[in-house]
Amino acid sequence: MKFAVIGGTGLIGSQVVKNLNAAGHEAVPHSQSTGVDVITGQGLDEAVAGADVVVNLTNSPTFDEASPAFFQTSMDNLLAAAQRGGVGHFVILSIVGVDQVPELDYYRAKVLQEEILAAGPVPYSIVRATQFMEFMGAAMSWTADADTVRLPATPIQPIAAKDVAAAVAEVAAGTPVRGIHNIGGPEVFALDELGRITLSRKGDNRTVVTDPTAGMFAAVKGDVLTDKSAHLAPTRYTDWLS
């Protein structure tokens, strides 16, 4: 099959392209660097021409109140181009528990993206993943200083980006789910404990202080960002750190 992977040069997209091509498909990466702009619509018709499947892995440049407008415009443009091109399957990547954290602008924006896709004209699949292992460094940096890292004890189920890409490629090559497919890492940690493991493995002497008000994940109530019944990926966090 032929795949148009929008956002196909990023962390997940580049690996999705690689996996699909290795499986014998034709997957073409598209991004601003290749002349495709999901906001203006530039290059979209050409990008999806002849594609059986569109995989949209673009992301808002900000996580604030501007993010809903990005997903509204980009999805409207992409779905219109996909419909004109006769695309039979449209796939996006979202977040496990995204609809359970309305306090976060970005999470509300991702829910909007899901709703636009589900209401659209193209058969679809939504892959929801738990938090990426690759984002742990950023999560710690938000509330760190020279001596401490403040983190809440929010339950997190970290998944490796390579496992996310493998799942997205598998779903994209299959029949449209017309719903949500959850994937997650094999283990659940409290975020503060995950921080301690990370610093210890990296030989970083800073202290993790448990702070229920610290950082973006302070807005998360309970274990909504985890799903033990999801399709579990194989990579464990300590193995990934190694």
# chains A, B, ... in the order shown; residues from 1 in each chain; ligands from 1
>>> residues_around(residues="A:Ile183", least_positions_apart="5", cutoff="12 Å", atoms="only C-alpha atoms", output="MDAnalysis selection string")
chainID A and resid 93:97 126:132 157:161 163:168 170:171 225:234
>>> residues_around(residues="A:Ala172", least_positions_apart="4", cutoff="10 Å", atoms="only C-alpha atoms", output="list of chain:residue names")
A:Phe3, A:Val16, A:Leu20, A:Asp52, A:Val53, A:Val54, A:Val55, A:His89, A:Phe90, A:Val91, A:Ile92, A:Tyr124, A:Ser125, A:Ile126, A:Val127, A:Ala166, A:Ala167, A:Val168, A:Pro176, A:Val177
>>> residues_around(residues="A:Ala138", least_positions_apart="4", cutoff="12 Å", atoms="only C-alpha atoms", output="PyMOL selection string")
chain A and resi 131-134+142-144+149+151+195+215-216
>>> closest_residue(among="A:Thr58, A:Ala69, A:His25, A:Gly35", to="A:Gly10", atoms="only C-alpha atoms")
A:Thr58
>>> closest_residue(among="A:Ala139, A:Ala81, A:Ala169, A:Ile156", to="A:Gln15", atoms="only C-alpha atoms")
A:Ala169
>>> atom_distance(atom1="atom CA of A:Thr40", atom2="atom CA of A:Lys110")
19.8 Å
>>> select_by_dssp(residues="stretch 22-241 of chain A", states="alpha helix (DSSP H)", output="VMD selection string")
chain A and resid 22 44 to 48 67 to 84 105 to 118 136 to 141 161 to 172 191 to 201 237 to 241
>>> closest_residue(among="A:Gly85, A:Lys221, A:Gly184, A:Gln72", to="A:Ala49", atoms="only C-alpha atoms")
A:Gly85
>>> residues_around(residues="A:Asp37", least_positions_apart="4", cutoff="10 Å", atoms="only C-alpha atoms", output="VMD selection string")
chain A and resid 6 to 7 30 to 33 41 to 44 74 77 to 78
>>> write_last_selection(atoms="N, CA, C and O atoms", output="PDB file, in the first residue's frame")
ATOM      1  N   ILE A   6       2.291  12.376   7.231  1.00  0.00           N
ATOM      2  CA  ILE A   6       2.409  13.816   7.452  1.00  0.00           C
ATOM      3  C   ILE A   6       3.048  14.028   8.825  1.00  0.00           C
ATOM      4  O   ILE A   6       2.586  13.494   9.829  1.00  0.00           O
ATOM      5  N   GLY A   7       4.113  14.809   8.859  1.00  0.00           N
ATOM      6  CA  GLY A   7       4.949  14.840  10.060  1.00  0.00           C
ATOM      7  C   GLY A   7       5.877  13.643  10.062  1.00  0.00           C
ATOM      8  O   GLY A   7       6.252  13.126  11.117  1.00  0.00           O
ATOM      9  N   HIS A  30       6.233  13.493   4.749  1.00  0.00           N
ATOM     10  CA  HIS A  30       5.921  14.866   4.359  1.00  0.00           C
ATOM     11  C   HIS A  30       5.993  15.753   5.599  1.00  0.00           C
ATOM     12  O   HIS A  30       5.579  15.350   6.689  1.00  0.00           O
ATOM     13  N   SER A  31       6.500  16.965   5.408  1.00  0.00           N
ATOM     14  CA  SER A  31       6.597  17.931   6.502  1.00  0.00           C
ATOM     15  C   SER A  31       6.832  19.303   5.886  1.00  0.00           C
ATOM     16  O   SER A  31       6.905  19.450   4.659  1.00  0.00           O
ATOM     17  N   GLN A  32       6.972  20.306   6.732  1.00  0.00           N
ATOM     18  CA  GLN A  32       7.280  21.640   6.210  1.00  0.00           C
ATOM     19  C   GLN A  32       8.572  21.640   5.411  1.00  0.00           C
ATOM     20  O   GLN A  32       8.705  22.358   4.428  1.00  0.00           O
ATOM     21  N   SER A  33       9.516  20.793   5.824  1.00  0.00           N
ATOM     22  CA  SER A  33      10.803  20.739   5.124  1.00  0.00           C
ATOM     23  C   SER A  33      10.682  20.163   3.721  1.00  0.00           C
ATOM     24  O   SER A  33      11.562  20.365   2.886  1.00  0.00           O
ATOM     25  N   GLY A  41      -2.337  24.696   3.956  1.00  0.00           N
ATOM     26  CA  GLY A  41      -2.811  23.725   2.974  1.00  0.00           C
ATOM     27  C   GLY A  41      -1.844  23.508   1.830  1.00  0.00           C
ATOM     28  O   GLY A  41      -2.087  22.653   0.962  1.00  0.00           O
ATOM     29  N   GLN A  42      -0.748  24.238   1.832  1.00  0.00           N
ATOM     30  CA  GLN A  42       0.226  24.112   0.742  1.00  0.00           C
ATOM     31  C   GLN A  42       0.759  22.684   0.630  1.00  0.00           C
ATOM     32  O   GLN A  42       1.222  22.103   1.601  1.00  0.00           O
ATOM     33  N   GLY A  43       0.668  22.120  -0.574  1.00  0.00           N
ATOM     34  CA  GLY A  43       1.257  20.819  -0.858  1.00  0.00           C
ATOM     35  C   GLY A  43       0.467  19.617  -0.386  1.00  0.00           C
ATOM     36  O   GLY A  43       0.877  18.474  -0.624  1.00  0.00           O
ATOM     37  N   LEU A  44      -0.696  19.839   0.253  1.00  0.00           N
ATOM     38  CA  LEU A  44      -1.428  18.700   0.819  1.00  0.00           C
ATOM     39  C   LEU A  44      -2.024  17.797  -0.261  1.00  0.00           C
ATOM     40  O   LEU A  44      -1.949  16.566  -0.162  1.00  0.00           O
ATOM     41  N   SER A  74      -5.482  22.249  10.956  1.00  0.00           N
ATOM     42  CA  SER A  74      -4.713  21.190  10.291  1.00  0.00           C
ATOM     43  C   SER A  74      -5.592  19.995   9.949  1.00  0.00           C
ATOM     44  O   SER A  74      -5.480  19.428   8.844  1.00  0.00           O
ATOM     45  N   ASN A  77      -7.968  20.839   7.010  1.00  0.00           N
ATOM     46  CA  ASN A  77      -7.243  20.830   5.731  1.00  0.00           C
ATOM     47  C   ASN A  77      -6.861  19.421   5.293  1.00  0.00           C
ATOM     48  O   ASN A  77      -7.005  19.052   4.121  1.00  0.00           O
ATOM     49  N   LEU A  78      -6.373  18.621   6.232  1.00  0.00           N
ATOM     50  CA  LEU A  78      -5.946  17.266   5.888  1.00  0.00           C
ATOM     51  C   LEU A  78      -7.111  16.372   5.492  1.00  0.00           C
ATOM     52  O   LEU A  78      -7.023  15.590   4.533  1.00  0.00           O
TER      53      LEU A  78
END
>>> atom_distance(atom1="atom CA of A:Leu191", atom2="atom CA of A:Val208")
10.1 Å
>>> atom_distance(atom1="atom CA of A:Gly222", atom2="atom CA of A:Asp99")
13.4 Å
>>> select_by_dssp(residues="stretch 162-232 of chain A", states="strand (DSSP E or B)", output="list of chain:residue names")
A:Ile180, A:His181, A:Asn182, A:Ile183, A:Gly184, A:Phe189, A:Ala190, A:Thr207, A:Val208, A:Val209, A:Thr210, A:His231, A:Leu232
>>> write_last_selection(atoms="C-alpha atoms", output="PDB file, in the first residue's frame")
ATOM      1  CA  ILE A 180      -9.430   4.007  19.638  1.00  0.00           C
ATOM      2  CA  HIS A 181      -6.513   1.583  20.009  1.00  0.00           C
ATOM      3  CA  ASN A 182      -4.620   2.031  23.306  1.00  0.00           C
ATOM      4  CA  ILE A 183      -0.940   1.179  23.667  1.00  0.00           C
ATOM      5  CA  GLY A 184       1.246   1.495  26.757  1.00  0.00           C
ATOM      6  CA  PHE A 189       5.630   4.122  37.973  1.00  0.00           C
ATOM      7  CA  ALA A 190       4.910   7.138  40.119  1.00  0.00           C
ATOM      8  CA  THR A 207      17.375  15.102  44.657  1.00  0.00           C
ATOM      9  CA  VAL A 208      13.808  14.440  43.538  1.00  0.00           C
ATOM     10  CA  VAL A 209      11.313  16.197  45.802  1.00  0.00           C
ATOM     11  CA  THR A 210       7.741  14.931  45.694  1.00  0.00           C
ATOM     12  CA  HIS A 231      -1.713  -3.415  24.173  1.00  0.00           C
ATOM     13  CA  LEU A 232       1.554  -3.521  26.125  1.00  0.00           C
TER      14      LEU A 232
END
>>> closest_residue(among="A:Ala4, A:Ile12, A:Ala51, A:Val98", to="A:Val220", atoms="only C-alpha atoms")
A:Val98
>>> residues_around(residues="A:Ala66", least_positions_apart="3", cutoff="9 Å", atoms="only C-alpha atoms", output="JSON, numbers by chain")
{"A": [60, 61, 62, 63, 69, 70, 105, 106, 109]}
>>> closest_residue(among="A:Ala23, A:Leu57, A:Ala219, A:Ile39", to="A:Asp76", atoms="only C-alpha atoms")
A:Ile39
>>> residues_around(residues="A:Phe217", least_positions_apart="3", cutoff="8 Å", atoms="only C-alpha atoms", output="list in words")
Pro152, Thr154, Ala214 and Val220 of chain A
>>> decode(residues="stretch 98-133 of chain A", atoms="N, CA, C and O atoms", output="tab-separated table (two decimals), in the first residue's frame")
chain	number	residue	atom	x	y	z
A	98	VAL	N	-6.44	11.13	27.51
A	98	VAL	CA	-6.45	12.54	27.10
A	98	VAL	C	-7.76	13.24	27.41
A	98	VAL	O	-7.79	14.45	27.69
A	99	ASP	N	-8.85	12.49	27.41
A	99	ASP	CA	-10.16	13.10	27.66
A	99	ASP	C	-10.48	13.21	29.15
A	99	ASP	O	-11.56	13.66	29.52
A	100	GLN	N	-9.53	12.82	29.99
A	100	GLN	CA	-9.75	12.85	31.44
A	100	GLN	C	-9.00	13.99	32.13
A	100	GLN	O	-9.00	14.07	33.36
A	101	VAL	N	-8.36	14.86	31.34
A	101	VAL	CA	-7.57	15.95	31.93
A	101	VAL	C	-7.97	17.27	31.27
A	101	VAL	O	-7.16	17.91	30.57
A	102	PRO	N	-9.20	17.71	31.47
A	102	PRO	CA	-9.66	18.94	30.79
A	102	PRO	C	-8.95	20.20	31.27
A	102	PRO	O	-9.07	21.25	30.63
A	103	GLU	N	-8.21	20.09	32.37
A	103	GLU	CA	-7.49	21.26	32.89
A	103	GLU	C	-6.35	21.68	31.97
A	103	GLU	O	-5.88	22.82	32.04
A	104	LEU	N	-5.87	20.79	31.13
A	104	LEU	CA	-4.73	21.08	30.27
A	104	LEU	C	-5.19	21.50	28.88
A	104	LEU	O	-5.91	20.76	28.20
A	105	ASP	N	-4.75	22.68	28.42
A	105	ASP	CA	-5.13	23.18	27.09
A	105	ASP	C	-4.76	22.19	26.00
A	105	ASP	O	-5.55	21.93	25.09
A	106	TYR	N	-3.55	21.64	26.08
A	106	TYR	CA	-3.08	20.75	25.03
A	106	TYR	C	-3.90	19.47	24.97
A	106	TYR	O	-4.20	18.96	23.89
A	107	TYR	N	-4.28	18.95	26.11
A	107	TYR	CA	-5.08	17.73	26.13
A	107	TYR	C	-6.47	17.99	25.56
A	107	TYR	O	-7.02	17.16	24.80
A	108	ARG	N	-7.05	19.13	25.86
A	108	ARG	CA	-8.34	19.49	25.26
A	108	ARG	C	-8.20	19.61	23.74
A	108	ARG	O	-9.10	19.23	22.99
A	109	ALA	N	-7.06	20.12	23.30
A	109	ALA	CA	-6.81	20.26	21.87
A	109	ALA	C	-6.71	18.89	21.19
A	109	ALA	O	-7.21	18.70	20.07
A	110	LYS	N	-6.07	17.94	21.84
A	110	LYS	CA	-5.96	16.60	21.27
A	110	LYS	C	-7.33	15.90	21.23
A	110	LYS	O	-7.62	15.16	20.28
A	111	VAL	N	-8.16	16.14	22.24
A	111	VAL	CA	-9.53	15.61	22.20
A	111	VAL	C	-10.27	16.19	21.01
A	111	VAL	O	-11.00	15.48	20.30
A	112	LEU	N	-10.11	17.48	20.77
A	112	LEU	CA	-10.73	18.11	19.61
A	112	LEU	C	-10.26	17.45	18.32
A	112	LEU	O	-11.07	17.17	17.42
A	113	GLN	N	-8.97	17.17	18.23
A	113	GLN	CA	-8.45	16.49	17.04
A	113	GLN	C	-9.13	15.14	16.84
A	113	GLN	O	-9.53	14.79	15.71
A	114	GLU	N	-9.27	14.37	17.91
A	114	GLU	CA	-9.95	13.08	17.82
A	114	GLU	C	-11.39	13.24	17.34
A	114	GLU	O	-11.87	12.47	16.49
A	115	GLU	N	-12.08	14.23	17.89
A	115	GLU	CA	-13.50	14.43	17.55
A	115	GLU	C	-13.67	14.84	16.10
A	115	GLU	O	-14.60	14.39	15.43
A	116	ILE	N	-12.76	15.69	15.60
A	116	ILE	CA	-12.83	16.10	14.19
A	116	ILE	C	-12.63	14.89	13.29
A	116	ILE	O	-13.34	14.71	12.29
A	117	LEU	N	-11.67	14.03	13.63
A	117	LEU	CA	-11.42	12.84	12.82
A	117	LEU	C	-12.61	11.90	12.84
A	117	LEU	O	-13.04	11.40	11.79
A	118	ALA	N	-13.17	11.65	14.03
A	118	ALA	CA	-14.28	10.71	14.14
A	118	ALA	C	-15.52	11.19	13.40
A	118	ALA	O	-16.32	10.38	12.90
A	119	ALA	N	-15.69	12.51	13.32
A	119	ALA	CA	-16.85	13.08	12.63
A	119	ALA	C	-16.60	13.30	11.14
A	119	ALA	O	-17.51	13.70	10.41
A	120	GLY	N	-15.39	13.02	10.69
A	120	GLY	CA	-15.00	13.33	9.32
A	120	GLY	C	-15.43	12.29	8.30
A	120	GLY	O	-16.05	11.28	8.64
A	121	PRO	N	-15.07	12.51	7.04
A	121	PRO	CA	-15.57	11.68	5.94
A	121	PRO	C	-14.73	10.44	5.62
A	121	PRO	O	-15.09	9.67	4.74
A	122	VAL	N	-13.61	10.25	6.33
A	122	VAL	CA	-12.68	9.18	5.98
A	122	VAL	C	-12.64	8.13	7.09
A	122	VAL	O	-12.55	8.49	8.27
A	123	PRO	N	-12.71	6.83	6.77
A	123	PRO	CA	-12.55	5.80	7.80
A	123	PRO	C	-11.24	6.02	8.56
A	123	PRO	O	-10.22	6.38	7.96
A	124	TYR	N	-11.27	5.80	9.88
A	124	TYR	CA	-10.17	6.28	10.69
A	124	TYR	C	-9.75	5.30	11.77
A	124	TYR	O	-10.47	4.36	12.13
A	125	SER	N	-8.56	5.57	12.32
A	125	SER	CA	-8.06	4.89	13.52
A	125	SER	C	-7.36	5.91	14.39
A	125	SER	O	-6.61	6.75	13.89
A	126	ILE	N	-7.60	5.85	15.70
A	126	ILE	CA	-6.92	6.68	16.67
A	126	ILE	C	-6.05	5.77	17.53
A	126	ILE	O	-6.56	4.86	18.18
A	127	VAL	N	-4.75	6.00	17.51
A	127	VAL	CA	-3.83	5.27	18.38
A	127	VAL	C	-3.52	6.17	19.57
A	127	VAL	O	-2.94	7.25	19.40
A	128	ARG	N	-3.91	5.74	20.75
A	128	ARG	CA	-3.57	6.48	21.97
A	128	ARG	C	-2.42	5.79	22.66
A	128	ARG	O	-2.49	4.60	22.96
A	129	ALA	N	-1.36	6.55	22.94
A	129	ALA	CA	-0.18	6.01	23.62
A	129	ALA	C	-0.03	6.65	24.99
A	129	ALA	O	-0.44	7.79	25.21
A	130	THR	N	0.60	5.92	25.90
A	130	THR	CA	0.97	6.49	27.18
A	130	THR	C	2.19	7.40	26.97
A	130	THR	O	2.65	7.61	25.85
A	131	GLN	N	2.72	7.97	28.05
A	131	GLN	CA	3.78	8.97	27.94
A	131	GLN	C	5.08	8.36	27.39
A	131	GLN	O	5.49	7.28	27.79
A	132	PHE	N	5.73	9.08	26.49
A	132	PHE	CA	6.96	8.60	25.86
A	132	PHE	C	8.12	8.64	26.86
A	132	PHE	O	8.31	9.63	27.57
A	133	MET	N	8.92	7.58	26.86
A	133	MET	CA	10.14	7.58	27.66
A	133	MET	C	11.05	8.75	27.28
A	133	MET	O	11.71	9.34	28.14
